[in-house]
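**Student:** What follows is final.txt, compact mmCIF, N, CA, C and O atoms.
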```
# COMPACT_ATOMS: atom_id res chain seq x y z
N MET A 1 -75.88 9.88 0.24
CA MET A 1 -75.73 11.13 -0.47
C MET A 1 -74.49 11.86 0.03
O MET A 1 -74.22 11.89 1.22
N GLU A 2 -73.80 12.43 -0.89
CA GLU A 2 -72.56 13.14 -0.58
C GLU A 2 -72.87 14.59 -0.23
O GLU A 2 -73.68 15.24 -0.88
N LYS A 3 -72.18 15.11 0.80
CA LYS A 3 -72.34 16.52 1.18
C LYS A 3 -71.11 17.30 0.75
O LYS A 3 -70.00 16.78 0.79
N ILE A 4 -71.34 18.53 0.31
CA ILE A 4 -70.25 19.42 -0.03
C ILE A 4 -70.31 20.62 0.90
O ILE A 4 -71.37 20.94 1.44
N ASN A 5 -69.17 21.25 1.11
CA ASN A 5 -69.06 22.37 2.05
C ASN A 5 -68.47 23.59 1.37
O ASN A 5 -67.76 23.47 0.38
N LYS A 6 -68.74 24.73 1.96
CA LYS A 6 -68.06 25.97 1.57
C LYS A 6 -67.93 26.82 2.82
O LYS A 6 -68.69 26.67 3.78
N VAL A 7 -66.94 27.71 2.82
CA VAL A 7 -66.67 28.57 3.97
C VAL A 7 -66.72 30.02 3.50
O VAL A 7 -66.16 30.36 2.45
N GLU A 8 -67.40 30.86 4.28
CA GLU A 8 -67.44 32.29 4.00
C GLU A 8 -67.02 33.04 5.24
O GLU A 8 -67.35 32.67 6.36
N ARG A 9 -66.27 34.13 5.03
CA ARG A 9 -65.83 34.98 6.13
C ARG A 9 -66.75 36.20 6.21
O ARG A 9 -67.03 36.85 5.20
N VAL A 10 -67.20 36.52 7.41
CA VAL A 10 -67.98 37.73 7.65
C VAL A 10 -67.13 38.63 8.54
O VAL A 10 -66.78 38.25 9.65
N SER A 11 -66.78 39.81 8.03
CA SER A 11 -65.93 40.75 8.77
C SER A 11 -66.76 41.93 9.25
O SER A 11 -67.68 42.38 8.56
N TYR A 12 -66.40 42.41 10.42
CA TYR A 12 -67.10 43.55 11.01
C TYR A 12 -66.16 44.74 11.09
O TYR A 12 -64.95 44.60 11.03
N SER A 13 -66.74 45.93 11.26
CA SER A 13 -65.95 47.14 11.46
C SER A 13 -65.76 47.35 12.95
O SER A 13 -66.64 47.06 13.76
N GLY A 14 -64.61 47.92 13.30
CA GLY A 14 -64.33 48.22 14.69
C GLY A 14 -64.23 49.72 14.89
O GLY A 14 -64.46 50.50 13.98
N GLY A 15 -63.89 50.11 16.07
CA GLY A 15 -63.77 51.53 16.40
C GLY A 15 -65.12 52.13 16.71
O GLY A 15 -66.13 51.44 16.86
N ILE A 16 -65.16 53.43 16.81
CA ILE A 16 -66.40 54.13 17.16
C ILE A 16 -67.46 53.95 16.09
O ILE A 16 -68.63 53.73 16.40
N LEU A 17 -67.08 54.03 14.81
CA LEU A 17 -68.06 53.86 13.73
C LEU A 17 -68.66 52.46 13.73
O LEU A 17 -69.84 52.28 13.46
N GLY A 18 -67.85 51.47 14.03
CA GLY A 18 -68.35 50.10 14.11
C GLY A 18 -69.34 49.93 15.25
O GLY A 18 -70.33 49.21 15.12
N LEU A 19 -69.09 50.60 16.37
CA LEU A 19 -70.02 50.53 17.50
C LEU A 19 -71.35 51.21 17.18
O LEU A 19 -72.41 50.72 17.55
N LEU A 20 -71.28 52.34 16.47
CA LEU A 20 -72.50 53.11 16.20
C LEU A 20 -73.32 52.53 15.06
O LEU A 20 -74.55 52.51 15.12
N PHE A 21 -72.67 52.10 13.99
CA PHE A 21 -73.39 51.72 12.78
C PHE A 21 -73.31 50.24 12.42
O PHE A 21 -73.95 49.82 11.48
N GLY A 22 -72.52 49.48 13.13
CA GLY A 22 -72.36 48.07 12.80
C GLY A 22 -73.47 47.21 13.38
O GLY A 22 -73.99 47.49 14.45
N SER A 23 -73.85 46.19 12.67
CA SER A 23 -74.85 45.24 13.13
C SER A 23 -74.35 43.83 12.83
O SER A 23 -74.42 43.37 11.69
N ALA A 24 -73.84 43.16 13.86
CA ALA A 24 -73.32 41.81 13.66
C ALA A 24 -74.44 40.88 13.20
O ALA A 24 -74.25 40.08 12.29
N ARG A 25 -75.59 41.00 13.79
CA ARG A 25 -76.71 40.14 13.41
C ARG A 25 -77.13 40.40 11.97
O ARG A 25 -77.39 39.47 11.21
N GLY A 26 -77.19 41.66 11.59
CA GLY A 26 -77.60 41.99 10.23
C GLY A 26 -76.66 41.43 9.18
O GLY A 26 -77.10 40.90 8.15
N LYS A 27 -75.34 41.53 9.41
CA LYS A 27 -74.38 41.00 8.45
C LYS A 27 -74.47 39.48 8.37
O LYS A 27 -74.47 38.91 7.28
N LEU A 28 -74.54 38.82 9.53
CA LEU A 28 -74.66 37.36 9.54
C LEU A 28 -75.93 36.91 8.84
O LEU A 28 -75.93 35.98 8.04
N GLU A 29 -77.03 37.59 9.16
CA GLU A 29 -78.32 37.21 8.58
C GLU A 29 -78.32 37.36 7.06
O GLU A 29 -78.85 36.50 6.35
N ALA A 30 -77.71 38.42 6.56
CA ALA A 30 -77.67 38.64 5.11
C ALA A 30 -76.89 37.53 4.41
O ALA A 30 -77.32 37.02 3.37
N VAL A 31 -75.75 37.14 4.97
CA VAL A 31 -74.93 36.09 4.36
C VAL A 31 -75.66 34.76 4.39
O VAL A 31 -75.69 34.02 3.41
N VAL A 32 -76.29 34.45 5.53
CA VAL A 32 -77.00 33.17 5.67
C VAL A 32 -78.22 33.12 4.74
O VAL A 32 -78.47 32.10 4.09
N GLN A 33 -78.97 34.20 4.63
CA GLN A 33 -80.14 34.24 3.75
C GLN A 33 -79.74 34.03 2.29
O GLN A 33 -80.41 33.30 1.56
N ARG A 34 -78.65 34.69 1.88
CA ARG A 34 -78.18 34.55 0.49
C ARG A 34 -77.77 33.10 0.21
O ARG A 34 -78.09 32.53 -0.82
N ALA A 35 -77.06 32.50 1.18
CA ALA A 35 -76.63 31.11 0.99
C ALA A 35 -77.82 30.16 1.01
O ALA A 35 -77.87 29.20 0.24
N ASN A 36 -78.79 30.41 1.89
CA ASN A 36 -79.98 29.56 1.95
C ASN A 36 -80.75 29.59 0.63
O ASN A 36 -81.29 28.57 0.20
N SER A 37 -80.79 30.74 0.00
CA SER A 37 -81.51 30.83 -1.28
C SER A 37 -80.81 30.03 -2.38
O SER A 37 -81.44 29.66 -3.36
N ASP A 38 -79.52 29.75 -2.18
CA ASP A 38 -78.77 28.92 -3.13
C ASP A 38 -78.73 27.46 -2.71
O ASP A 38 -78.01 26.66 -3.31
N GLY A 39 -79.45 27.10 -1.64
CA GLY A 39 -79.53 25.71 -1.22
C GLY A 39 -78.53 25.29 -0.15
O GLY A 39 -78.45 24.12 0.20
N TRP A 40 -77.76 26.22 0.40
CA TRP A 40 -76.78 25.90 1.43
C TRP A 40 -77.42 26.01 2.81
O TRP A 40 -78.27 26.87 3.05
N ASN A 41 -76.96 25.19 3.74
CA ASN A 41 -77.40 25.23 5.14
C ASN A 41 -76.19 25.48 6.03
O ASN A 41 -75.10 24.97 5.77
N VAL A 42 -76.40 26.24 7.11
CA VAL A 42 -75.31 26.52 8.05
C VAL A 42 -74.97 25.25 8.82
O VAL A 42 -75.85 24.63 9.41
N ALA A 43 -73.70 24.89 8.82
CA ALA A 43 -73.24 23.73 9.59
C ALA A 43 -72.60 24.20 10.89
O ALA A 43 -72.80 23.58 11.94
N GLU A 44 -71.86 25.31 10.83
CA GLU A 44 -71.16 25.80 12.02
C GLU A 44 -70.71 27.24 11.80
O GLU A 44 -70.42 27.64 10.67
N ILE A 45 -70.63 28.00 12.89
CA ILE A 45 -70.07 29.35 12.86
C ILE A 45 -68.90 29.37 13.82
O ILE A 45 -69.04 29.01 14.99
N VAL A 46 -67.73 29.77 13.32
CA VAL A 46 -66.50 29.72 14.10
C VAL A 46 -65.90 31.11 14.21
O VAL A 46 -65.84 31.85 13.22
N GLU A 47 -65.44 31.47 15.41
CA GLU A 47 -64.71 32.73 15.60
C GLU A 47 -63.37 32.61 14.88
O GLU A 47 -62.69 31.60 14.98
N ASP A 48 -63.00 33.65 14.15
CA ASP A 48 -61.72 33.65 13.46
C ASP A 48 -60.66 34.18 14.42
O ASP A 48 -60.86 35.21 15.06
N ASN A 49 -59.56 33.46 14.56
CA ASN A 49 -58.46 33.88 15.43
C ASN A 49 -57.39 34.56 14.60
O ASN A 49 -56.68 33.88 13.85
N PRO A 50 -57.25 35.89 14.72
CA PRO A 50 -56.27 36.59 13.89
C PRO A 50 -54.84 36.34 14.39
O PRO A 50 -54.61 36.07 15.56
N ASN A 51 -53.89 36.46 13.46
CA ASN A 51 -52.50 36.33 13.85
C ASN A 51 -51.95 37.67 14.31
O ASN A 51 -52.65 38.69 14.27
N LEU A 52 -50.71 37.71 14.73
CA LEU A 52 -50.11 38.92 15.29
C LEU A 52 -50.07 40.07 14.29
O LEU A 52 -50.30 41.23 14.65
N ALA A 53 -49.84 39.78 13.02
CA ALA A 53 -49.78 40.83 12.00
C ALA A 53 -51.13 41.54 11.86
O ALA A 53 -51.19 42.76 11.73
N ILE A 54 -52.22 40.79 11.93
CA ILE A 54 -53.56 41.40 11.84
C ILE A 54 -53.85 42.25 13.07
O ILE A 54 -54.42 43.33 12.95
N VAL A 55 -53.45 41.79 14.24
CA VAL A 55 -53.66 42.56 15.47
C VAL A 55 -52.91 43.88 15.40
O VAL A 55 -53.45 44.94 15.73
N ILE A 56 -51.67 43.85 14.92
CA ILE A 56 -50.88 45.08 14.80
C ILE A 56 -51.50 46.00 13.76
O ILE A 56 -51.58 47.22 13.98
N LEU A 57 -51.96 45.45 12.64
CA LEU A 57 -52.62 46.26 11.61
C LEU A 57 -53.88 46.93 12.16
O LEU A 57 -54.13 48.11 11.91
N ARG A 58 -54.67 46.20 12.93
CA ARG A 58 -55.87 46.78 13.54
C ARG A 58 -55.53 47.94 14.47
O ARG A 58 -56.18 48.99 14.43
N LEU A 59 -54.52 47.75 15.30
CA LEU A 59 -54.12 48.83 16.21
C LEU A 59 -53.60 50.04 15.45
O LEU A 59 -53.92 51.18 15.79
N LEU A 60 -52.83 49.80 14.40
CA LEU A 60 -52.32 50.90 13.58
C LEU A 60 -53.45 51.67 12.92
O LEU A 60 -53.47 52.91 12.94
N LEU A 61 -54.42 50.97 12.36
CA LEU A 61 -55.57 51.64 11.74
C LEU A 61 -56.37 52.43 12.77
O LEU A 61 -56.84 53.54 12.49
N LEU A 62 -56.52 51.89 13.95
CA LEU A 62 -57.27 52.57 15.01
C LEU A 62 -56.57 53.86 15.41
O LEU A 62 -57.21 54.90 15.58
N VAL A 63 -55.24 53.83 15.51
CA VAL A 63 -54.48 55.03 15.87
C VAL A 63 -54.54 56.05 14.73
O VAL A 63 -54.76 57.24 14.97
N LEU A 64 -54.35 55.60 13.48
CA LEU A 64 -54.34 56.52 12.34
C LEU A 64 -55.69 57.20 12.12
O LEU A 64 -55.74 58.33 11.63
N THR A 65 -56.78 56.52 12.46
CA THR A 65 -58.11 57.11 12.26
C THR A 65 -58.64 57.74 13.55
O THR A 65 -59.82 58.06 13.64
N LEU A 66 -57.77 57.91 14.53
CA LEU A 66 -58.13 58.52 15.82
C LEU A 66 -59.28 57.78 16.51
O LEU A 66 -60.16 58.39 17.10
N GLY A 67 -59.27 56.48 16.40
CA GLY A 67 -60.27 55.66 17.08
C GLY A 67 -61.59 55.51 16.34
O GLY A 67 -62.51 54.87 16.84
N LEU A 68 -61.70 56.10 15.14
CA LEU A 68 -62.98 56.05 14.43
C LEU A 68 -63.24 54.71 13.77
O LEU A 68 -64.37 54.23 13.74
N TRP A 69 -62.20 54.08 13.18
CA TRP A 69 -62.44 52.85 12.42
C TRP A 69 -61.23 51.94 12.46
O TRP A 69 -60.09 52.39 12.47
N THR A 70 -61.48 50.67 12.46
CA THR A 70 -60.46 49.65 12.29
C THR A 70 -61.11 48.38 11.79
O THR A 70 -62.34 48.29 11.75
N LEU A 71 -60.31 47.42 11.39
CA LEU A 71 -60.84 46.11 11.03
C LEU A 71 -61.35 45.46 12.30
O LEU A 71 -60.64 45.40 13.30
N GLY A 72 -62.55 44.98 12.27
CA GLY A 72 -63.12 44.34 13.44
C GLY A 72 -62.92 42.85 13.41
O GLY A 72 -62.21 42.30 12.57
N ALA A 73 -63.57 42.21 14.33
CA ALA A 73 -63.50 40.75 14.40
C ALA A 73 -64.20 40.16 13.18
O ALA A 73 -64.93 40.83 12.46
N SER A 74 -63.96 38.89 12.98
CA SER A 74 -64.64 38.20 11.88
C SER A 74 -65.04 36.81 12.31
O SER A 74 -64.54 36.29 13.31
N ARG A 75 -65.95 36.25 11.57
CA ARG A 75 -66.42 34.89 11.83
C ARG A 75 -66.36 34.10 10.52
O ARG A 75 -66.53 34.66 9.44
N LEU A 76 -66.13 32.82 10.66
CA LEU A 76 -66.16 31.92 9.51
C LEU A 76 -67.44 31.11 9.59
O LEU A 76 -67.73 30.50 10.61
N ILE A 77 -68.22 31.15 8.52
CA ILE A 77 -69.46 30.40 8.46
C ILE A 77 -69.23 29.21 7.53
O ILE A 77 -68.83 29.38 6.39
N ILE A 78 -69.49 28.03 8.05
CA ILE A 78 -69.33 26.81 7.26
C ILE A 78 -70.70 26.35 6.81
O ILE A 78 -71.59 26.12 7.64
N PHE A 79 -70.88 26.28 5.51
CA PHE A 79 -72.15 25.85 4.92
C PHE A 79 -71.99 24.45 4.34
O PHE A 79 -70.91 24.06 3.96
N GLU A 80 -73.10 23.73 4.26
CA GLU A 80 -73.09 22.43 3.61
C GLU A 80 -74.38 22.24 2.82
O GLU A 80 -75.39 22.87 3.12
N LYS A 81 -74.30 21.39 1.81
CA LYS A 81 -75.49 20.98 1.09
C LYS A 81 -75.23 19.63 0.45
O LYS A 81 -74.08 19.22 0.27
N THR A 82 -76.32 18.96 0.13
CA THR A 82 -76.22 17.65 -0.48
C THR A 82 -76.00 17.82 -1.97
O THR A 82 -76.67 18.62 -2.61
N ARG A 83 -75.07 17.08 -2.50
CA ARG A 83 -74.77 17.16 -3.93
C ARG A 83 -75.80 16.43 -4.73
O ARG A 83 -76.34 15.45 -4.42
```
What is this file in structure tokens?

**Tutor:**
Amino acid sequence: MEKINKVERVSYSGGILGLLFGSARGKLEAVVQRANSDGWNVAEIVEDNPNLAIVILRLLLLVLTLGLWTLGASRLIIFEKTR
């Protein structure tokens, strides 16, 4: 049987608001549950490594919002299912 894959990115919020109201587990769980209901299974979860432009953008957003919000880390979830 042939397996097919798909990749989804889960992004988190950073800064003070991300610390207070963000739930990494909740976001991951929601994405996995939705994919499971469509027949997909998690094969692997990988940390996303941002490039220099994203790091600079995050710092700029953090400064502009006075530390309240920025783009947070993200993870790539690799799903698979049998065709």

**Student:** Residues at most 4.5 Å from segment 53-69 of chain A, counting all atoms listed in the file, excluding those fewer than 3 positions away in the same chain, as a PyMOL selection string?

**Tutor:** chain A and resi 14-18

**Student:** List every residue of chain A that DSSP, applied to the backbone, labels as helix (DSSP H, G or I), and write the result as number ranges by chain.

**Tutor:** A: 15-21, 24-37, 52-64

**Student:** Keeping N, CA, C and O atoms for every residue in the selection just given, could you write it to a file as a short mmCIF file (atom, residue, chain, number, x, y, z; two decimals), keeping the file's coordinate frame?

**Tutor:**
```
data_model
loop_
_atom_site.label_atom_id
_atom_site.label_comp_id
_atom_site.auth_asym_id
_atom_site.auth_seq_id
_atom_site.Cartn_x
_atom_site.Cartn_y
_atom_site.Cartn_z
N GLY A 15 -63.89 50.11 16.07
CA GLY A 15 -63.77 51.53 16.40
C GLY A 15 -65.12 52.13 16.71
O GLY A 15 -66.13 51.44 16.86
N ILE A 16 -65.16 53.43 16.81
CA ILE A 16 -66.40 54.13 17.16
C ILE A 16 -67.46 53.95 16.09
O ILE A 16 -68.63 53.73 16.40
N LEU A 17 -67.08 54.03 14.81
CA LEU A 17 -68.06 53.86 13.73
C LEU A 17 -68.66 52.46 13.73
O LEU A 17 -69.84 52.28 13.46
N GLY A 18 -67.85 51.47 14.03
CA GLY A 18 -68.35 50.10 14.11
C GLY A 18 -69.34 49.93 15.25
O GLY A 18 -70.33 49.21 15.12
N LEU A 19 -69.09 50.60 16.37
CA LEU A 19 -70.02 50.53 17.50
C LEU A 19 -71.35 51.21 17.18
O LEU A 19 -72.41 50.72 17.55
N LEU A 20 -71.28 52.34 16.47
CA LEU A 20 -72.50 53.11 16.20
C LEU A 20 -73.32 52.53 15.06
O LEU A 20 -74.55 52.51 15.12
N PHE A 21 -72.67 52.10 13.99
CA PHE A 21 -73.39 51.72 12.78
C PHE A 21 -73.31 50.24 12.42
O PHE A 21 -73.95 49.82 11.48
N ALA A 24 -73.84 43.16 13.86
CA ALA A 24 -73.32 41.81 13.66
C ALA A 24 -74.44 40.88 13.20
O ALA A 24 -74.25 40.08 12.29
N ARG A 25 -75.59 41.00 13.79
CA ARG A 25 -76.71 40.14 13.41
C ARG A 25 -77.13 40.40 11.97
O ARG A 25 -77.39 39.47 11.21
N GLY A 26 -77.19 41.66 11.59
CA GLY A 26 -77.60 41.99 10.23
C GLY A 26 -76.66 41.43 9.18
O GLY A 26 -77.10 40.90 8.15
N LYS A 27 -75.34 41.53 9.41
CA LYS A 27 -74.38 41.00 8.45
C LYS A 27 -74.47 39.48 8.37
O LYS A 27 -74.47 38.91 7.28
N LEU A 28 -74.54 38.82 9.53
CA LEU A 28 -74.66 37.36 9.54
C LEU A 28 -75.93 36.91 8.84
O LEU A 28 -75.93 35.98 8.04
N GLU A 29 -77.03 37.59 9.16
CA GLU A 29 -78.32 37.21 8.58
C GLU A 29 -78.32 37.36 7.06
O GLU A 29 -78.85 36.50 6.35
N ALA A 30 -77.71 38.42 6.56
CA ALA A 30 -77.67 38.64 5.11
C ALA A 30 -76.89 37.53 4.41
O ALA A 30 -77.32 37.02 3.37
N VAL A 31 -75.75 37.14 4.97
CA VAL A 31 -74.93 36.09 4.36
C VAL A 31 -75.66 34.76 4.39
O VAL A 31 -75.69 34.02 3.41
N VAL A 32 -76.29 34.45 5.53
CA VAL A 32 -77.00 33.17 5.67
C VAL A 32 -78.22 33.12 4.74
O VAL A 32 -78.47 32.10 4.09
N GLN A 33 -78.97 34.20 4.63
CA GLN A 33 -80.14 34.24 3.75
C GLN A 33 -79.74 34.03 2.29
O GLN A 33 -80.41 33.30 1.56
N ARG A 34 -78.65 34.69 1.88
CA ARG A 34 -78.18 34.55 0.49
C ARG A 34 -77.77 33.10 0.21
O ARG A 34 -78.09 32.53 -0.82
N ALA A 35 -77.06 32.50 1.18
CA ALA A 35 -76.63 31.11 0.99
C ALA A 35 -77.82 30.16 1.01
O ALA A 35 -77.87 29.20 0.24
N ASN A 36 -78.79 30.41 1.89
CA ASN A 36 -79.98 29.56 1.95
C ASN A 36 -80.75 29.59 0.63
O ASN A 36 -81.29 28.57 0.20
N SER A 37 -80.79 30.74 0.00
CA SER A 37 -81.51 30.83 -1.28
C SER A 37 -80.81 30.03 -2.38
O SER A 37 -81.44 29.66 -3.36
N LEU A 52 -50.71 37.71 14.73
CA LEU A 52 -50.11 38.92 15.29
C LEU A 52 -50.07 40.07 14.29
O LEU A 52 -50.30 41.23 14.65
N ALA A 53 -49.84 39.78 13.02
CA ALA A 53 -49.78 40.83 12.00
C ALA A 53 -51.13 41.54 11.86
O ALA A 53 -51.19 42.76 11.73
N ILE A 54 -52.22 40.79 11.93
CA ILE A 54 -53.56 41.40 11.84
C ILE A 54 -53.85 42.25 13.07
O ILE A 54 -54.42 43.33 12.95
N VAL A 55 -53.45 41.79 14.24
CA VAL A 55 -53.66 42.56 15.47
C VAL A 55 -52.91 43.88 15.40
O VAL A 55 -53.45 44.94 15.73
N ILE A 56 -51.67 43.85 14.92
CA ILE A 56 -50.88 45.08 14.80
C ILE A 56 -51.50 46.00 13.76
O ILE A 56 -51.58 47.22 13.98
N LEU A 57 -51.96 45.45 12.64
CA LEU A 57 -52.62 46.26 11.61
C LEU A 57 -53.88 46.93 12.16
O LEU A 57 -54.13 48.11 11.91
N ARG A 58 -54.67 46.20 12.93
CA ARG A 58 -55.87 46.78 13.54
C ARG A 58 -55.53 47.94 14.47
O ARG A 58 -56.18 48.99 14.43
N LEU A 59 -54.52 47.75 15.30
CA LEU A 59 -54.12 48.83 16.21
C LEU A 59 -53.60 50.04 15.45
O LEU A 59 -53.92 51.18 15.79
N LEU A 60 -52.83 49.80 14.40
CA LEU A 60 -52.32 50.90 13.58
C LEU A 60 -53.45 51.67 12.92
O LEU A 60 -53.47 52.91 12.94
N LEU A 61 -54.42 50.97 12.36
CA LEU A 61 -55.57 51.64 11.74
C LEU A 61 -56.37 52.43 12.77
O LEU A 61 -56.84 53.54 12.49
N LEU A 62 -56.52 51.89 13.95
CA LEU A 62 -57.27 52.57 15.01
C LEU A 62 -56.57 53.86 15.41
O LEU A 62 -57.21 54.90 15.58
N VAL A 63 -55.24 53.83 15.51
CA VAL A 63 -54.48 55.03 15.87
C VAL A 63 -54.54 56.05 14.73
O VAL A 63 -54.76 57.24 14.97
N LEU A 64 -54.35 55.60 13.48
CA LEU A 64 -54.34 56.52 12.34
C LEU A 64 -55.69 57.20 12.12
O LEU A 64 -55.74 58.33 11.63
#
```

**Student:** Could you check how far atom CA of Val32 of chain A sits from atom N of Met1 of chain A, in Å to one decimal?

**Tutor:**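 If I compute the distance from atom CA of Val32 of chain A to atom N of Met1 of chain A, I get 23.9 Å.
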
**Student:** Atom CA of Ser37 of chain A and atom CA of Glu80 of chain A are how many Å apart?

**Tutor:** 12.9 Å

**Student:** Could you check how far atom O of Ala73 of chain A sits from atom O of Ser23 of chain A, in Å to one decimal?

**Tutor:** 9.9 Å

**Student:** Pick from A:Glu2, A:Gly22, A:Leu71, A:Lys81: nearest to Val42 of chain A, with only N, CA, C and O atoms counted?

**Tutor:**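 Among the listed residues, the smallest separation from Val42 of chain A belongs to A:Lys81.
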
**Student:** Have a look at A:Leu20, A:Leu52, A:Ala43, A:Val31 and name the one nearest to Asn5 of chain A; count only C-alpha atoms.

**Tutor:**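 Of A:Leu20, A:Leu52, A:Ala43, A:Val31, the one nearest Asn5 of chain A is A:Ala43, counting only C-alpha atoms.
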
**Student:** Quick one: residues within 12 Å of Asn41 of chain A, only C-alpha atoms counted, chain neighbours fewer than 3 positions away excluded, as a VMD selection string?

**Tutor:** chain A and resid 3 to 7 31 to 38 44 to 45 77 to 82

**Student:** Please return, as a short mmCIF file (atom, residue, chain, number, x, y, z; two decimals) with N, CA, C and O atoms, in the frame of the given file, all residues of chain A that DSSP assigns to strand (DSSP E or B) on the basis of the backbone.

**Tutor:**
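Below is the file that was written, part-v5.cif:
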```cif
data_model
loop_
_atom_site.label_atom_id
_atom_site.label_comp_id
_atom_site.auth_asym_id
_atom_site.auth_seq_id
_atom_site.Cartn_x
_atom_site.Cartn_y
_atom_site.Cartn_z
N LYS A 3 -72.18 15.11 0.80
CA LYS A 3 -72.34 16.52 1.18
C LYS A 3 -71.11 17.30 0.75
O LYS A 3 -70.00 16.78 0.79
N ILE A 4 -71.34 18.53 0.31
CA ILE A 4 -70.25 19.42 -0.03
C ILE A 4 -70.31 20.62 0.90
O ILE A 4 -71.37 20.94 1.44
N ASN A 5 -69.17 21.25 1.11
CA ASN A 5 -69.06 22.37 2.05
C ASN A 5 -68.47 23.59 1.37
O ASN A 5 -67.76 23.47 0.38
N LYS A 6 -68.74 24.73 1.96
CA LYS A 6 -68.06 25.97 1.57
C LYS A 6 -67.93 26.82 2.82
O LYS A 6 -68.69 26.67 3.78
N VAL A 7 -66.94 27.71 2.82
CA VAL A 7 -66.67 28.57 3.97
C VAL A 7 -66.72 30.02 3.50
O VAL A 7 -66.16 30.36 2.45
N GLU A 8 -67.40 30.86 4.28
CA GLU A 8 -67.44 32.29 4.00
C GLU A 8 -67.02 33.04 5.24
O GLU A 8 -67.35 32.67 6.36
N ARG A 9 -66.27 34.13 5.03
CA ARG A 9 -65.83 34.98 6.13
C ARG A 9 -66.75 36.20 6.21
O ARG A 9 -67.03 36.85 5.20
N VAL A 10 -67.20 36.52 7.41
CA VAL A 10 -67.98 37.73 7.65
C VAL A 10 -67.13 38.63 8.54
O VAL A 10 -66.78 38.25 9.65
N SER A 11 -66.78 39.81 8.03
CA SER A 11 -65.93 40.75 8.77
C SER A 11 -66.76 41.93 9.25
O SER A 11 -67.68 42.38 8.56
N TYR A 12 -66.40 42.41 10.42
CA TYR A 12 -67.10 43.55 11.01
C TYR A 12 -66.16 44.74 11.09
O TYR A 12 -64.95 44.60 11.03
N SER A 13 -66.74 45.93 11.26
CA SER A 13 -65.95 47.14 11.46
C SER A 13 -65.76 47.35 12.95
O SER A 13 -66.64 47.06 13.76
N GLY A 14 -64.61 47.92 13.30
CA GLY A 14 -64.33 48.22 14.69
C GLY A 14 -64.23 49.72 14.89
O GLY A 14 -64.46 50.50 13.98
N ASN A 41 -76.96 25.19 3.74
CA ASN A 41 -77.40 25.23 5.14
C ASN A 41 -76.19 25.48 6.03
O ASN A 41 -75.10 24.97 5.77
N VAL A 42 -76.40 26.24 7.11
CA VAL A 42 -75.31 26.52 8.05
C VAL A 42 -74.97 25.25 8.82
O VAL A 42 -75.85 24.63 9.41
N ALA A 43 -73.70 24.89 8.82
CA ALA A 43 -73.24 23.73 9.59
C ALA A 43 -72.60 24.20 10.89
O ALA A 43 -72.80 23.58 11.94
N GLU A 44 -71.86 25.31 10.83
CA GLU A 44 -71.16 25.80 12.02
C GLU A 44 -70.71 27.24 11.80
O GLU A 44 -70.42 27.64 10.67
N ILE A 45 -70.63 28.00 12.89
CA ILE A 45 -70.07 29.35 12.86
C ILE A 45 -68.90 29.37 13.82
O ILE A 45 -69.04 29.01 14.99
N VAL A 46 -67.73 29.77 13.32
CA VAL A 46 -66.50 29.72 14.10
C VAL A 46 -65.90 31.11 14.21
O VAL A 46 -65.84 31.85 13.22
N GLU A 47 -65.44 31.47 15.41
CA GLU A 47 -64.71 32.73 15.60
C GLU A 47 -63.37 32.61 14.88
O GLU A 47 -62.69 31.60 14.98
N THR A 70 -61.48 50.67 12.46
CA THR A 70 -60.46 49.65 12.29
C THR A 70 -61.11 48.38 11.79
O THR A 70 -62.34 48.29 11.75
N LEU A 71 -60.31 47.42 11.39
CA LEU A 71 -60.84 46.11 11.03
C LEU A 71 -61.35 45.46 12.30
O LEU A 71 -60.64 45.40 13.30
N GLY A 72 -62.55 44.98 12.27
CA GLY A 72 -63.12 44.34 13.44
C GLY A 72 -62.92 42.85 13.41
O GLY A 72 -62.21 42.30 12.57
N ALA A 73 -63.57 42.21 14.33
CA ALA A 73 -63.50 40.75 14.40
C ALA A 73 -64.20 40.16 13.18
O ALA A 73 -64.93 40.83 12.46
N SER A 74 -63.96 38.89 12.98
CA SER A 74 -64.64 38.20 11.88
C SER A 74 -65.04 36.81 12.31
O SER A 74 -64.54 36.29 13.31
N ARG A 75 -65.95 36.25 11.57
CA ARG A 75 -66.42 34.89 11.83
C ARG A 75 -66.36 34.10 10.52
O ARG A 75 -66.53 34.66 9.44
N LEU A 76 -66.13 32.82 10.66
CA LEU A 76 -66.16 31.92 9.51
C LEU A 76 -67.44 31.11 9.59
O LEU A 76 -67.73 30.50 10.61
N ILE A 77 -68.22 31.15 8.52
CA ILE A 77 -69.46 30.40 8.46
C ILE A 77 -69.23 29.21 7.53
O ILE A 77 -68.83 29.38 6.39
N ILE A 78 -69.49 28.03 8.05
CA ILE A 78 -69.33 26.81 7.26
C ILE A 78 -70.70 26.35 6.81
O ILE A 78 -71.59 26.12 7.64
N PHE A 79 -70.88 26.28 5.51
CA PHE A 79 -72.15 25.85 4.92
C PHE A 79 -71.99 24.45 4.34
O PHE A 79 -70.91 24.06 3.96
N GLU A 80 -73.10 23.73 4.26
CA GLU A 80 -73.09 22.43 3.61
C GLU A 80 -74.38 22.24 2.82
O GLU A 80 -75.39 22.87 3.12
N LYS A 81 -74.30 21.39 1.81
CA LYS A 81 -75.49 20.98 1.09
C LYS A 81 -75.23 19.63 0.45
O LYS A 81 -74.08 19.22 0.27
N THR A 82 -76.32 18.96 0.13
CA THR A 82 -76.22 17.65 -0.48
C THR A 82 -76.00 17.82 -1.97
O THR A 82 -76.67 18.62 -2.61
#
```
